[in-house]
>>> print(open('target.txt').read())   # compact mmCIF, C-alpha atoms and all ligand atoms
# COMPACT_ATOMS: atom_id res chain seq x y z
CA MET A 1 38.54 -0.67 1.57
CA GLY A 2 35.17 -2.35 2.19
CA GLU A 3 33.52 0.67 3.74
CA TYR A 4 34.71 2.90 0.88
CA THR A 5 33.10 0.94 -1.91
CA PRO A 6 30.32 2.92 -3.54
CA SER A 7 27.76 1.44 -1.20
CA THR A 8 24.54 3.38 -1.21
CA TRP A 9 23.88 2.18 2.32
CA ALA A 10 26.03 4.75 4.05
CA VAL A 11 24.09 7.43 2.22
CA THR A 12 20.78 5.76 2.93
CA ALA A 13 21.54 5.34 6.63
CA PHE A 14 22.52 9.00 6.78
CA SER A 15 19.35 10.01 4.98
CA PHE A 16 17.25 7.96 7.35
CA SER A 17 18.75 9.70 10.35
CA ILE A 18 17.92 13.03 8.71
CA ILE A 19 14.34 11.82 8.21
CA ILE A 20 14.07 10.71 11.84
CA ILE A 21 15.25 14.10 13.04
CA ALA A 22 13.01 15.93 10.60
CA ILE A 23 10.01 13.78 11.37
CA SER A 24 10.36 14.16 15.10
CA PHE A 25 9.46 17.80 14.57
CA PHE A 26 6.21 16.92 12.87
CA ALA A 27 3.00 16.66 14.80
CA LYS A 28 2.09 13.11 15.73
CA ARG A 29 -0.81 13.03 13.32
CA LEU A 30 1.46 13.74 10.41
CA LEU A 31 3.25 10.51 11.15
CA GLY A 32 0.04 8.72 10.44
CA TYR A 33 0.17 9.39 6.77
CA LEU A 34 3.82 10.01 6.14
CA PRO A 35 5.22 6.50 6.28
CA ASN A 36 8.36 5.34 8.00
CA GLY A 37 7.71 7.55 11.00
CA LYS A 38 8.87 4.70 13.18
CA LYS A 39 12.18 3.90 11.56
CA SER A 40 14.11 3.41 14.77
CA ARG A 41 13.69 -0.35 14.60
CA LYS A 42 15.26 -0.32 11.16
CA GLU A 43 18.01 1.95 12.34
CA GLU A 44 19.10 -0.79 14.68
CA GLN A 45 19.95 -2.99 11.75
CA THR A 46 23.66 -3.60 11.63
CA GLN A 47 25.67 -2.39 8.69
CA ALA A 48 26.49 -6.00 7.89
CA ALA A 49 22.85 -6.97 7.66
CA ASN A 50 22.20 -3.96 5.49
CA GLU A 51 24.96 -4.90 3.12
CA LEU A 52 23.64 -8.40 2.86
CA LEU A 53 20.23 -6.97 2.08
CA ASP A 54 21.70 -4.66 -0.48
CA ASP A 55 23.22 -7.58 -2.33
CA THR A 56 20.08 -9.61 -2.52
CA CYS A 57 17.43 -6.91 -2.64
CA ASP A 58 18.93 -4.97 -5.48
CA ALA A 59 19.32 -7.98 -7.70
CA LYS A 60 19.86 -6.89 -11.23
CA ILE A 61 17.08 -7.53 -13.63
CA ASP A 62 17.96 -8.79 -17.00
CA GLU A 63 15.00 -7.67 -19.06
CA SER A 64 15.99 -9.88 -21.93
CA SER A 65 15.50 -13.01 -19.91
CA GLY A 66 12.01 -12.02 -18.80
CA GLY A 67 9.54 -14.90 -18.80
CA THR A 68 6.15 -15.10 -20.40
CA PRO A 69 3.27 -13.71 -18.41
CA VAL A 70 1.88 -15.78 -15.58
CA ILE A 71 -1.58 -16.36 -16.88
CA CYS A 72 -4.44 -16.87 -14.57
CA GLY A 73 -6.05 -20.07 -15.76
CA GLN A 74 -2.84 -21.98 -16.10
CA LYS A 75 -3.27 -25.61 -15.02
CA THR A 76 -2.12 -26.41 -11.53
CA GLU A 77 -2.30 -29.29 -9.12
CA ALA A 78 -5.81 -29.79 -7.85
CA SER A 79 -6.43 -27.67 -4.82
CA ALA A 80 -7.48 -29.40 -1.63
CA GLU A 81 -10.34 -27.02 -0.89
CA ASN A 82 -11.71 -26.41 -4.32
CA THR A 83 -12.64 -27.78 -7.71
CA ALA A 84 -10.94 -27.63 -11.06
CA ASP A 85 -12.13 -24.03 -11.06
CA GLN A 86 -9.32 -23.12 -8.69
CA LYS A 87 -6.56 -21.55 -10.75
CA MET A 88 -3.08 -20.24 -10.18
CA LYS A 89 -3.07 -16.66 -9.02
CA VAL A 90 -0.54 -14.12 -7.89
CA VAL A 91 -0.93 -11.89 -4.87
CA TYR A 92 1.06 -8.70 -5.34
CA ILE A 93 1.91 -7.03 -2.06
CA TRP A 94 2.51 -3.35 -2.56
CA ASP A 95 4.15 -0.72 -0.46
CA MET A 96 2.41 2.61 -1.04
CA ASP A 97 4.67 5.63 -0.60
CA GLU A 98 7.42 6.19 -3.15
CA THR A 99 6.15 3.01 -4.80
CA LEU A 100 2.57 3.36 -6.05
CA ILE A 101 2.50 7.04 -5.23
CA LEU A 102 5.02 9.79 -4.57
CA LEU A 103 4.70 12.05 -1.57
CA LYS A 104 7.65 12.24 0.76
CA SER A 105 10.17 12.39 -2.04
CA LEU A 106 8.28 15.37 -3.48
CA LEU A 107 8.22 17.09 -0.09
CA ASN A 108 11.91 16.56 0.64
CA GLY A 109 13.06 17.19 -2.93
CA THR A 110 14.65 13.79 -3.51
CA TYR A 111 12.43 13.07 -6.47
CA ALA A 112 13.38 16.30 -8.23
CA ALA A 113 17.05 16.10 -7.23
CA ALA A 114 17.42 12.80 -9.07
CA PHE A 115 16.74 14.68 -12.31
CA ASN A 116 19.81 16.90 -11.89
CA GLY A 117 18.10 20.26 -12.24
CA LEU A 118 15.53 19.21 -14.84
CA LYS A 119 12.69 19.36 -12.32
CA ASP A 120 11.62 22.35 -10.27
CA VAL A 121 12.16 21.29 -6.64
CA GLN A 122 9.87 24.00 -5.30
CA LYS A 123 7.02 22.85 -7.50
CA GLY A 124 7.39 19.33 -6.10
CA ILE A 125 7.24 20.67 -2.56
CA GLU A 126 4.09 22.66 -3.36
CA ILE A 127 2.46 19.60 -4.87
CA GLY A 128 3.40 17.53 -1.82
CA ARG A 129 1.93 20.13 0.51
CA GLY A 130 -1.24 20.21 -1.54
CA TRP A 131 -1.59 16.46 -0.99
CA GLU A 132 -0.87 16.75 2.73
CA ASP A 133 -3.67 19.31 3.12
CA LEU A 134 -6.14 17.34 1.08
CA ILE A 135 -5.37 14.02 2.77
CA LEU A 136 -5.79 15.44 6.25
CA ARG A 137 -8.95 17.32 5.33
CA VAL A 138 -10.61 14.24 3.85
CA CYS A 139 -9.44 12.09 6.78
CA ASP A 140 -10.90 14.45 9.35
CA GLU A 141 -14.10 15.45 7.59
CA PHE A 142 -15.25 12.10 6.29
CA PHE A 143 -13.21 9.29 7.82
CA PHE A 144 -13.32 9.97 11.58
CA TYR A 145 -9.58 10.50 11.74
CA GLN A 146 -9.68 13.12 14.50
CA GLN A 147 -11.62 10.71 16.69
CA THR A 148 -9.72 7.57 15.83
CA GLU A 149 -6.11 8.51 15.24
CA ASP A 150 -5.02 7.12 18.60
CA TYR A 151 -6.61 3.74 17.86
CA ASN A 152 -4.88 2.46 14.79
CA GLU A 153 -5.77 -1.07 13.74
CA PRO A 154 -3.79 -3.07 11.14
CA PHE A 155 -6.83 -3.54 8.86
CA LEU A 156 -10.50 -2.54 8.78
CA ASP A 157 -11.79 -6.03 9.55
CA ALA A 158 -9.70 -6.27 12.70
CA LEU A 159 -12.65 -5.29 14.88
CA SER A 160 -15.44 -7.05 13.00
CA GLU A 161 -16.06 -9.41 15.93
CA PHE A 162 -17.18 -6.36 17.92
CA ASP A 163 -19.63 -5.16 15.29
CA ASP A 164 -23.12 -6.36 16.23
CA GLY A 165 -24.56 -5.20 12.92
CA GLN A 166 -26.63 -2.36 14.38
CA ASP A 167 -28.33 -0.12 11.82
CA LEU A 168 -26.17 2.99 11.64
CA SER A 169 -28.37 5.19 9.44
CA ASP A 170 -29.43 7.39 12.38
CA TYR A 171 -26.38 6.79 14.53
CA ASP A 172 -24.77 9.97 15.84
CA PHE A 173 -21.01 9.50 15.70
CA SER A 174 -20.43 12.83 17.41
CA LYS A 175 -22.40 11.81 20.50
CA ASP A 176 -21.65 8.15 21.18
CA GLY A 177 -18.88 8.93 23.66
CA PHE A 178 -16.16 7.07 21.77
CA GLY A 179 -12.80 7.52 23.49
CA PRO A 180 -10.53 6.02 26.12
CA PRO A 181 -10.34 3.48 27.63
CA TYR A 182 -9.95 1.15 24.67
CA ASP A 183 -12.31 -1.46 26.07
CA ASP A 184 -14.96 -3.63 24.41
CA PRO A 185 -17.72 -0.99 24.25
CA ASN A 186 -15.31 1.44 22.64
CA LYS A 187 -14.02 -1.21 20.28
CA ARG A 188 -17.63 -1.71 19.21
CA LYS A 189 -17.93 2.05 18.56
CA LEU A 190 -14.73 1.95 16.54
CA SER A 191 -15.97 -1.08 14.60
CA TYR A 192 -19.02 0.98 13.57
CA ARG A 193 -16.70 3.66 12.26
CA HIS A 194 -14.71 1.07 10.38
CA ARG A 195 -17.90 -0.21 8.81
CA VAL A 196 -18.84 3.26 7.59
CA ILE A 197 -15.29 3.83 6.33
CA ALA A 198 -15.47 0.56 4.39
CA GLN A 199 -18.75 1.65 2.84
CA LYS A 200 -17.41 5.04 1.85
CA TYR A 201 -14.33 3.42 0.38
CA ALA A 202 -16.47 1.04 -1.66
CA GLN A 203 -18.61 3.94 -2.91
CA GLY A 204 -15.64 6.09 -3.84
CA LEU A 205 -14.92 9.74 -3.13
CA HIS A 206 -17.20 11.07 -5.84
CA ASN A 207 -20.07 10.16 -3.54
CA VAL A 208 -18.44 11.82 -0.56
CA LEU A 209 -16.73 15.05 -1.62
CA ASP A 210 -18.36 18.27 -2.80
CA GLN A 211 -17.81 19.59 -6.33
CA GLU A 212 -15.27 22.19 -5.24
CA THR A 213 -13.10 19.63 -3.45
CA ILE A 214 -13.35 17.23 -6.37
CA LYS A 215 -12.02 19.99 -8.60
CA VAL A 216 -9.08 20.67 -6.27
CA TRP A 217 -8.41 16.94 -6.14
CA ASN A 218 -8.52 16.46 -9.93
CA ASN A 219 -6.20 19.42 -10.48
CA LEU A 220 -3.74 18.11 -7.92
CA TYR A 221 -3.77 14.64 -9.43
CA GLU A 222 -3.24 16.01 -12.94
CA SER A 223 -0.44 18.35 -11.94
CA THR A 224 1.31 15.62 -9.96
CA ASP A 225 0.99 13.21 -12.84
CA ALA A 226 2.41 15.78 -15.24
CA TYR A 227 5.25 16.75 -12.89
CA THR A 228 6.24 13.10 -12.38
CA ASP A 229 6.05 12.09 -16.07
CA ARG A 230 2.90 10.08 -15.27
CA TRP A 231 4.16 8.13 -12.27
CA LEU A 232 0.68 8.02 -10.75
CA SER A 233 -1.26 7.00 -13.82
CA SER A 234 1.41 4.50 -14.90
CA ALA A 235 1.33 2.81 -11.52
CA ARG A 236 -2.45 2.70 -11.70
CA THR A 237 -2.36 1.22 -15.19
CA PHE A 238 0.09 -1.39 -13.98
CA LEU A 239 -2.24 -2.36 -11.14
CA GLU A 240 -5.00 -2.68 -13.70
CA GLN A 241 -2.86 -4.96 -15.86
CA LEU A 242 -1.94 -7.11 -12.88
CA SER A 243 -5.61 -7.45 -11.96
CA GLY A 244 -6.33 -8.59 -15.50
CA GLY A 245 -8.43 -5.47 -16.01
CA ASN A 246 -10.88 -6.43 -13.29
CA ARG A 247 -12.14 -3.54 -11.26
CA ILE A 248 -13.44 -4.02 -7.80
CA SER A 249 -17.15 -3.50 -7.83
CA THR A 250 -18.47 -4.82 -4.59
CA PRO A 251 -22.05 -3.71 -4.10
CA HIS A 252 -21.45 -3.00 -0.52
CA PRO A 253 -23.35 -4.68 2.29
CA VAL A 254 -24.81 -2.68 5.15
CA SER A 255 -23.92 -5.60 7.37
CA PRO A 256 -20.64 -5.98 9.26
CA ILE A 257 -17.57 -6.17 7.07
CA THR A 258 -17.03 -9.63 5.67
CA THR A 259 -13.68 -11.25 6.08
CA VAL A 260 -12.58 -12.31 2.64
CA ASP A 261 -14.33 -10.92 -0.38
CA SER A 262 -15.67 -13.85 -2.36
CA THR A 263 -14.37 -12.40 -5.62
CA ASP A 264 -10.90 -12.69 -4.11
CA MET A 265 -11.27 -16.44 -4.14
CA LYS A 266 -11.90 -16.56 -7.87
CA CYS A 267 -9.33 -16.81 -10.54
CA ARG A 268 -7.57 -13.52 -10.69
CA ASN A 269 -4.49 -11.83 -9.43
CA ILE A 270 -4.85 -9.69 -6.36
CA ASN A 271 -3.26 -6.43 -5.29
CA VAL A 272 -2.72 -5.96 -1.58
CA LEU A 273 -1.28 -2.90 0.09
CA VAL A 274 0.95 -3.02 3.17
CA THR A 275 2.05 0.39 4.33
CA SER A 276 3.77 1.69 7.42
CA GLY A 277 1.40 4.65 7.55
CA SER A 278 -1.64 4.35 9.80
CA LEU A 279 -4.77 2.75 8.43
CA ILE A 280 -7.27 5.54 7.85
CA PRO A 281 -4.92 7.96 6.09
CA SER A 282 -3.70 5.03 3.99
CA LEU A 283 -7.23 4.18 2.90
CA VAL A 284 -7.83 7.85 2.11
CA LYS A 285 -4.62 7.95 0.09
CA CYS A 286 -5.75 4.91 -1.89
CA LEU A 287 -8.93 6.81 -2.71
CA LEU A 288 -7.27 10.13 -3.50
CA PHE A 289 -4.57 8.51 -5.63
CA ARG A 290 -7.26 6.47 -7.42
CA LEU A 291 -5.97 3.04 -6.47
CA ASN A 292 -9.31 1.90 -5.06
CA ASP A 293 -10.49 0.32 -8.30
CA PHE A 294 -7.72 -2.24 -7.98
CA ILE A 295 -7.10 -2.44 -4.23
CA SER A 296 -10.16 -3.19 -2.12
CA HIS A 297 -10.45 -1.94 1.45
CA GLU A 298 -10.12 -5.52 2.71
CA ASN A 299 -6.68 -5.57 1.13
CA VAL A 300 -5.22 -2.51 2.85
CA TYR A 301 -2.93 -3.22 5.80
CA SER A 302 -1.19 -0.82 8.15
CA SER A 303 2.03 -2.25 9.51
CA TRP A 304 2.49 0.75 11.82
CA GLU A 305 2.46 -1.27 15.07
CA VAL A 306 2.90 -4.85 13.91
CA GLY A 307 5.59 -4.54 11.23
CA LYS A 308 5.54 -5.66 7.62
CA LEU A 309 6.56 -9.24 8.28
CA GLN A 310 3.51 -9.82 10.47
CA CYS A 311 1.25 -8.40 7.75
CA PHE A 312 2.91 -10.62 5.14
CA LYS A 313 2.24 -13.65 7.34
CA TRP A 314 -1.43 -12.70 7.73
CA ILE A 315 -1.71 -12.29 3.98
CA LYS A 316 -0.22 -15.69 3.36
CA GLU A 317 -2.60 -17.29 5.88
CA ARG A 318 -5.50 -15.54 4.25
CA PHE A 319 -4.80 -16.41 0.62
CA GLY A 320 -3.21 -19.78 1.18
CA GLY A 321 -0.21 -21.43 -0.32
CA GLN A 322 -0.94 -24.17 -2.79
CA SER A 323 -1.88 -22.41 -5.98
CA VAL A 324 -0.87 -18.93 -4.98
CA LYS A 325 2.33 -17.07 -5.74
CA TYR A 326 3.35 -13.93 -3.91
CA CYS A 327 5.38 -10.95 -5.01
CA ALA A 328 6.30 -7.94 -2.87
CA ILE A 329 7.03 -4.54 -4.39
CA GLY A 330 8.38 -1.57 -2.49
CA ASP A 331 11.19 0.89 -1.91
CA GLY A 332 12.17 0.08 1.67
CA SER A 333 14.44 -2.39 3.38
CA GLU A 334 11.70 -3.53 5.75
CA GLU A 335 9.52 -4.96 3.00
CA CYS A 336 12.56 -6.36 1.22
CA GLU A 337 13.67 -8.17 4.33
CA ALA A 338 10.16 -9.42 5.11
CA ALA A 339 9.81 -10.74 1.55
CA GLN A 340 13.09 -12.60 1.92
CA THR A 341 11.92 -14.17 5.15
CA MET A 342 8.73 -15.30 3.41
CA GLY A 343 10.68 -16.60 0.42
CA TRP A 344 8.84 -14.24 -1.91
CA PRO A 345 10.34 -12.31 -4.81
CA PHE A 346 10.85 -8.63 -4.07
CA ILE A 347 10.85 -5.88 -6.68
CA GLY A 348 12.75 -2.87 -5.35
CA ILE A 349 11.46 0.47 -6.62
CA ASP A 350 14.08 3.05 -7.50
CA LEU A 351 13.05 6.68 -7.97
CA ARG A 352 15.92 7.63 -10.22
CA PRO A 353 15.03 8.30 -13.84
CA GLY A 354 16.02 5.89 -16.57
CA GLY A 355 15.58 2.60 -14.77
CA SER A 356 12.88 0.00 -15.22
CA ASN A 357 11.96 -0.44 -11.55
CA ARG A 358 9.90 2.72 -11.33
CA PHE A 359 6.91 4.36 -12.99
CA PRO A 360 6.65 4.63 -15.84
CA GLY A 361 8.92 1.68 -16.48
CA LEU A 362 7.83 -1.36 -14.53
CA THR A 363 6.25 -3.96 -16.79
CA MET A 364 4.56 -7.33 -16.53
CA LYS A 365 7.63 -8.81 -18.12
CA THR A 366 9.82 -7.59 -15.29
CA ALA A 367 7.36 -8.72 -12.63
CA ASN A 368 7.15 -12.16 -14.23
CA TYR A 369 10.88 -12.40 -14.38
CA TYR A 370 11.08 -11.89 -10.61
CA LEU A 371 8.32 -14.46 -10.09
CA ASP A 372 10.02 -17.00 -12.34
CA VAL A 373 13.30 -16.65 -10.47
CA ILE A 374 11.62 -17.76 -7.26
CA TYR A 375 8.81 -20.01 -8.45
CA GLY A 376 10.25 -21.38 -11.67
CA GLY A 377 9.10 -20.56 -15.18
CA PRO A 378 5.53 -21.16 -16.30
CA ASP A 379 6.54 -24.21 -18.32
CA VAL A 380 8.42 -25.83 -15.49
CA LYS A 381 5.66 -27.53 -13.58
CA LYS A 382 6.27 -29.63 -10.51
CA ASP A 383 4.05 -32.40 -11.82
CA GLY A 384 5.90 -32.52 -15.10
CA GLN A 385 3.00 -31.05 -17.01
CA SER A 386 4.12 -28.63 -19.66
CA LEU A 387 2.14 -25.99 -21.47
C1 LIG A 401 13.36 11.89 1.05
O1 LIG A 401 12.33 10.90 1.00
C2 LIG A 401 12.66 9.70 0.35
C3 LIG A 401 11.42 8.85 0.27
O2 LIG A 401 10.96 8.46 1.52
C4 LIG A 401 13.81 9.02 1.07
O3 LIG A 401 14.15 7.82 0.43
C5 LIG A 401 14.98 9.96 1.09
O4 LIG A 401 16.04 9.36 1.80
C6 LIG A 401 14.62 11.29 1.70
N1 LIG A 401 15.74 12.20 1.58
C7 LIG A 401 16.11 13.04 2.54
C8 LIG A 401 17.30 13.88 2.25
O5 LIG A 401 15.52 13.13 3.60
>>> encode(input="target.txt", output="structure tokens")
Amino acid sequence: MGEYTPSTWAVTAFSFSIIIIAISFFAKRLLGYLPNGKKSRKEEQTQAANELLDDTCDAKIDESSGGTPVICGQKTEASAENTADQKMKVVYIWDMDETLILLKSLLNGTYAAAFNGLKDVQKGIEIGRGWEDLILRVCDEFFFYQQTEDYNEPFLDALSEFDDGQDLSDYDFSKDGFGPPYDDPNKRKLSYRHRVIAQKYAQGLHNVLDQETIKVWNNLYESTDAYTDRWLSSARTFLEQLSGGNRISTPHPVSPITTVDSTDMKCRNINVLVTSGSLIPSLVKCLLFRLNDFISHENVYSSWEVGKLQCFKWIKERFGGQSVKYCAIGDGSEECEAAQTMGWPFIGIDLRPGGSNRFPGLTMKTANYYLDVIYGGPDVKKDGQSL
């Protein structure tokens, strides 16, 4: 009877195969911003492994047992590298699509279908197409995507060793001969593009787009937010809460991209994005979906080639272990599995209406509950200190 229990995995596996077939008809560049283009690796997962994942990844949340908020500033063991100033912080590792934003589920009707006829499927598809057009247009016109789409890197800093810091104010990106082979001179040319992309990201799209495009963008954002009962703005508000209300306001250097933003080292929680889409469209999506106030360009990772686990490992190396907690949030089995490997709590996002693991719905209380399950409650300190 095992295989006839109401396991959602059979359905999910079937859906994935539909996606693979559907996606294989898309142009290659579409794969860059629609995530999960390369699902074949996941498809190889055995049913048994999937069922195991299902058990652990869909752990029920008992809202009533939610802990008190993890407050930045809580006393911790003295950190090896820093002073008493060093405080406990949480790094939240976000998936993007169908987690912080909705796109594919609008395009394929899954989002609307979950509402049993209450939402106009066609409207969702139109909204999704509007986003596709806008994302590609912004990518190509302002973020060198046409030139660079074959050279995806996992993060913008990846090529900083190639950037010699040359003044780019009069540099002609259309005439520098960037292209194959992907050797050191071309990596330098790509690193220049990454530097400009980082600057544009830091400045925000209002300094990049014309008035007409800004209007189209605002309308699209508002209609999507209305159609999704404020999924977008709720997710954004949640990011803001997690960051303790701190916006990113890096006055951006004209020098090569720095590795770790110094503000990241201070006492505050950090939002990091790890998405299976390619890097430039993902950065553009962060901008268009207004996540850039709470996710800096240094904290956007594309797992397209390397996989989510590798990105999670880099993130852990970067932010350290002693006074840092990690929490992954996403809708896919890859991030769930990677979080388990890392020993991090994982909050699984579920599109269906009515639940708490979606937007609007997800709260600090829920997030802290997940953290407490793995790291222990805030009043259970290793050194016996209690608050
Ligand atoms: C539609 O997209 C969502 C989000 O990626 C996915 O979970 C779902 O399985 C897809 N459904 C179909 C029928 O392709």
>>> closest_residue(input="target.txt", among="A:Asp133, A:Asp331, A:Glu337, A:Glu149", to="ligand LIG 401 (chain A)", atoms="all atoms listed in the file")
A:Asp331
>>> atom_distance(input="target.txt", atom1="atom CA of A:Tyr227", atom2="atom CA of A:Thr213")
20.8 Å
>>> closest_residue(input="target.txt", among="A:Thr363, A:Ser278, A:Asn108, A:Thr99", to="ligand LIG 401 (chain A)", atoms="all atoms listed in the file")
A:Asn108
>>> closest_residue(input="target.txt", among="A:Asp183, A:Glu222, A:Glu240, A:Asp163", to="A:Asn292", atoms="all atoms listed in the file")
A:Glu240
>>> atom_distance(input="target.txt", atom1="atom CA of A:Leu102", atom2="atom CA of A:Ile125")
11.3 Å
>>> closest_residue(input="target.txt", among="A:Leu287, A:Leu103, A:Ile93, A:Leu371", to="A:Cys336", atoms="all atoms listed in the file")
A:Ile93
>>> residues_around(input="target.txt", residues="stretch 293-295 of chain A", least_positions_apart="2", cutoff="8 Å", atoms="all atoms listed in the file", output="tab-separated table (two decimals) with C-alpha atoms, keeping the file's coordinate frame")
chain	number	residue	atom	x	y	z
A	239	LEU	CA	-2.24	-2.36	-11.14
A	240	GLU	CA	-5.00	-2.68	-13.70
A	243	SER	CA	-5.61	-7.45	-11.96
A	246	ASN	CA	-10.88	-6.43	-13.29
A	247	ARG	CA	-12.14	-3.54	-11.26
A	248	ILE	CA	-13.44	-4.02	-7.80
A	249	SER	CA	-17.15	-3.50	-7.83
A	270	ILE	CA	-4.85	-9.69	-6.36
A	271	ASN	CA	-3.26	-6.43	-5.29
A	272	VAL	CA	-2.72	-5.96	-1.58
A	273	LEU	CA	-1.28	-2.90	0.09
A	286	CYS	CA	-5.75	4.91	-1.89
A	290	ARG	CA	-7.26	6.47	-7.42
A	291	LEU	CA	-5.97	3.04	-6.47
A	297	HIS	CA	-10.45	-1.94	1.45
A	299	ASN	CA	-6.68	-5.57	1.13
A	300	VAL	CA	-5.22	-2.51	2.85
>>> closest_residue(input="target.txt", among="A:Glu305, A:Asp184, A:Asp157, A:Asp97", to="A:Gly330", atoms="only C-alpha atoms")
A:Asp97
>>> atom_distance(input="target.txt", atom1="atom CA of A:Gly244", atom2="atom CA of A:Gly348")
22.4 Å
>>> residues_around(input="target.txt", residues="stretch 343-345 of chain A", least_positions_apart="3", cutoff="6 Å", atoms="all atoms listed in the file", output="PyMOL selection string")
chain A and resi 326-327+339-340+370
>>> write_last_selection(input="target.txt", atoms="C-alpha atoms", output="mmCIF file, in the coordinates of the input")
data_model
loop_
_atom_site.group_PDB
_atom_site.id
_atom_site.type_symbol
_atom_site.label_atom_id
_atom_site.label_comp_id
_atom_site.auth_asym_id
_atom_site.auth_seq_id
_atom_site.Cartn_x
_atom_site.Cartn_y
_atom_site.Cartn_z
ATOM 1 C CA TYR A 326 3.350 -13.930 -3.910
ATOM 2 C CA CYS A 327 5.380 -10.950 -5.010
ATOM 3 C CA ALA A 339 9.810 -10.740 1.550
ATOM 4 C CA GLN A 340 13.090 -12.600 1.920
ATOM 5 C CA TYR A 370 11.080 -11.890 -10.610
#
>>> closest_residue(input="target.txt", among="A:Ser234, A:Ser276, A:Ser302, A:Thr341", to="ligand LIG 401 (chain A)", atoms="only C-alpha atoms and all ligand atoms")
A:Ser276
>>> residues_near_point(input="target.txt", point="(5.8, 16.0, 2.9)", cutoff="8 Å", atoms="all atoms listed in the file", output="list in words")
Leu34, Leu103, Lys104, Ser105, Leu106, Leu107, Asn108, Ile125, Gly128, Arg129 and Glu132 of chain A
>>> residues_around(input="target.txt", residues="A:Tyr145", least_positions_apart="2", cutoff="10 Å", atoms="all atoms listed in the file", output="list in words")
Arg29, Gly32, Leu136, Arg137, Val138, Cys139, Asp140, Glu141, Phe142, Phe143, Gln147, Thr148, Glu149, Asp150, Tyr151, Asn152, Arg193, Leu279, Ile280 and Pro281 of chain A
>>> build_atoms(input="target.txt", residues="stretch 213-224 of chain A", atoms="N, CA, C and O atoms", output="PDB file, keeping the file's coordinate frame")
ATOM      1  N   THR A 213     -14.209  20.470  -3.896  1.00  0.00           N
ATOM      2  CA  THR A 213     -13.100  19.630  -3.450  1.00  0.00           C
ATOM      3  C   THR A 213     -12.692  18.646  -4.548  1.00  0.00           C
ATOM      4  O   THR A 213     -11.498  18.371  -4.736  1.00  0.00           O
ATOM      5  N   ILE A 214     -13.662  18.146  -5.282  1.00  0.00           N
ATOM      6  CA  ILE A 214     -13.350  17.230  -6.370  1.00  0.00           C
ATOM      7  C   ILE A 214     -12.493  17.934  -7.425  1.00  0.00           C
ATOM      8  O   ILE A 214     -11.537  17.363  -7.969  1.00  0.00           O
ATOM      9  N   LYS A 215     -12.794  19.215  -7.633  1.00  0.00           N
ATOM     10  CA  LYS A 215     -12.020  19.990  -8.600  1.00  0.00           C
ATOM     11  C   LYS A 215     -10.565  20.160  -8.126  1.00  0.00           C
ATOM     12  O   LYS A 215      -9.623  19.956  -8.900  1.00  0.00           O
ATOM     13  N   VAL A 216     -10.422  20.521  -6.859  1.00  0.00           N
ATOM     14  CA  VAL A 216      -9.080  20.670  -6.270  1.00  0.00           C
ATOM     15  C   VAL A 216      -8.317  19.350  -6.403  1.00  0.00           C
ATOM     16  O   VAL A 216      -7.143  19.316  -6.805  1.00  0.00           O
ATOM     17  N   TRP A 217      -8.998  18.278  -6.088  1.00  0.00           N
ATOM     18  CA  TRP A 217      -8.410  16.940  -6.140  1.00  0.00           C
ATOM     19  C   TRP A 217      -7.973  16.586  -7.568  1.00  0.00           C
ATOM     20  O   TRP A 217      -6.833  16.160  -7.799  1.00  0.00           O
ATOM     21  N   ASN A 218      -8.867  16.773  -8.531  1.00  0.00           N
ATOM     22  CA  ASN A 218      -8.520  16.460  -9.930  1.00  0.00           C
ATOM     23  C   ASN A 218      -7.321  17.276 -10.404  1.00  0.00           C
ATOM     24  O   ASN A 218      -6.421  16.735 -11.058  1.00  0.00           O
ATOM     25  N   ASN A 219      -7.320  18.570 -10.061  1.00  0.00           N
ATOM     26  CA  ASN A 219      -6.200  19.420 -10.480  1.00  0.00           C
ATOM     27  C   ASN A 219      -4.889  18.937  -9.883  1.00  0.00           C
ATOM     28  O   ASN A 219      -3.856  18.903 -10.558  1.00  0.00           O
ATOM     29  N   LEU A 220      -4.949  18.572  -8.609  1.00  0.00           N
ATOM     30  CA  LEU A 220      -3.740  18.110  -7.920  1.00  0.00           C
ATOM     31  C   LEU A 220      -3.236  16.811  -8.546  1.00  0.00           C
ATOM     32  O   LEU A 220      -2.037  16.641  -8.785  1.00  0.00           O
ATOM     33  N   TYR A 221      -4.156  15.911  -8.820  1.00  0.00           N
ATOM     34  CA  TYR A 221      -3.770  14.640  -9.430  1.00  0.00           C
ATOM     35  C   TYR A 221      -3.122  14.894 -10.793  1.00  0.00           C
ATOM     36  O   TYR A 221      -2.041  14.369 -11.099  1.00  0.00           O
ATOM     37  N   GLU A 222      -3.774  15.736 -11.603  1.00  0.00           N
ATOM     38  CA  GLU A 222      -3.240  16.010 -12.940  1.00  0.00           C
ATOM     39  C   GLU A 222      -1.879  16.686 -12.880  1.00  0.00           C
ATOM     40  O   GLU A 222      -0.974  16.328 -13.628  1.00  0.00           O
ATOM     41  N   SER A 223      -1.730  17.659 -11.971  1.00  0.00           N
ATOM     42  CA  SER A 223      -0.440  18.350 -11.940  1.00  0.00           C
ATOM     43  C   SER A 223       0.655  17.441 -11.404  1.00  0.00           C
ATOM     44  O   SER A 223       1.804  17.509 -11.849  1.00  0.00           O
ATOM     45  N   THR A 224       0.307  16.559 -10.465  1.00  0.00           N
ATOM     46  CA  THR A 224       1.310  15.620  -9.960  1.00  0.00           C
ATOM     47  C   THR A 224       1.706  14.636 -11.060  1.00  0.00           C
ATOM     48  O   THR A 224       2.890  14.323 -11.243  1.00  0.00           O
TER      49      THR A 224
END
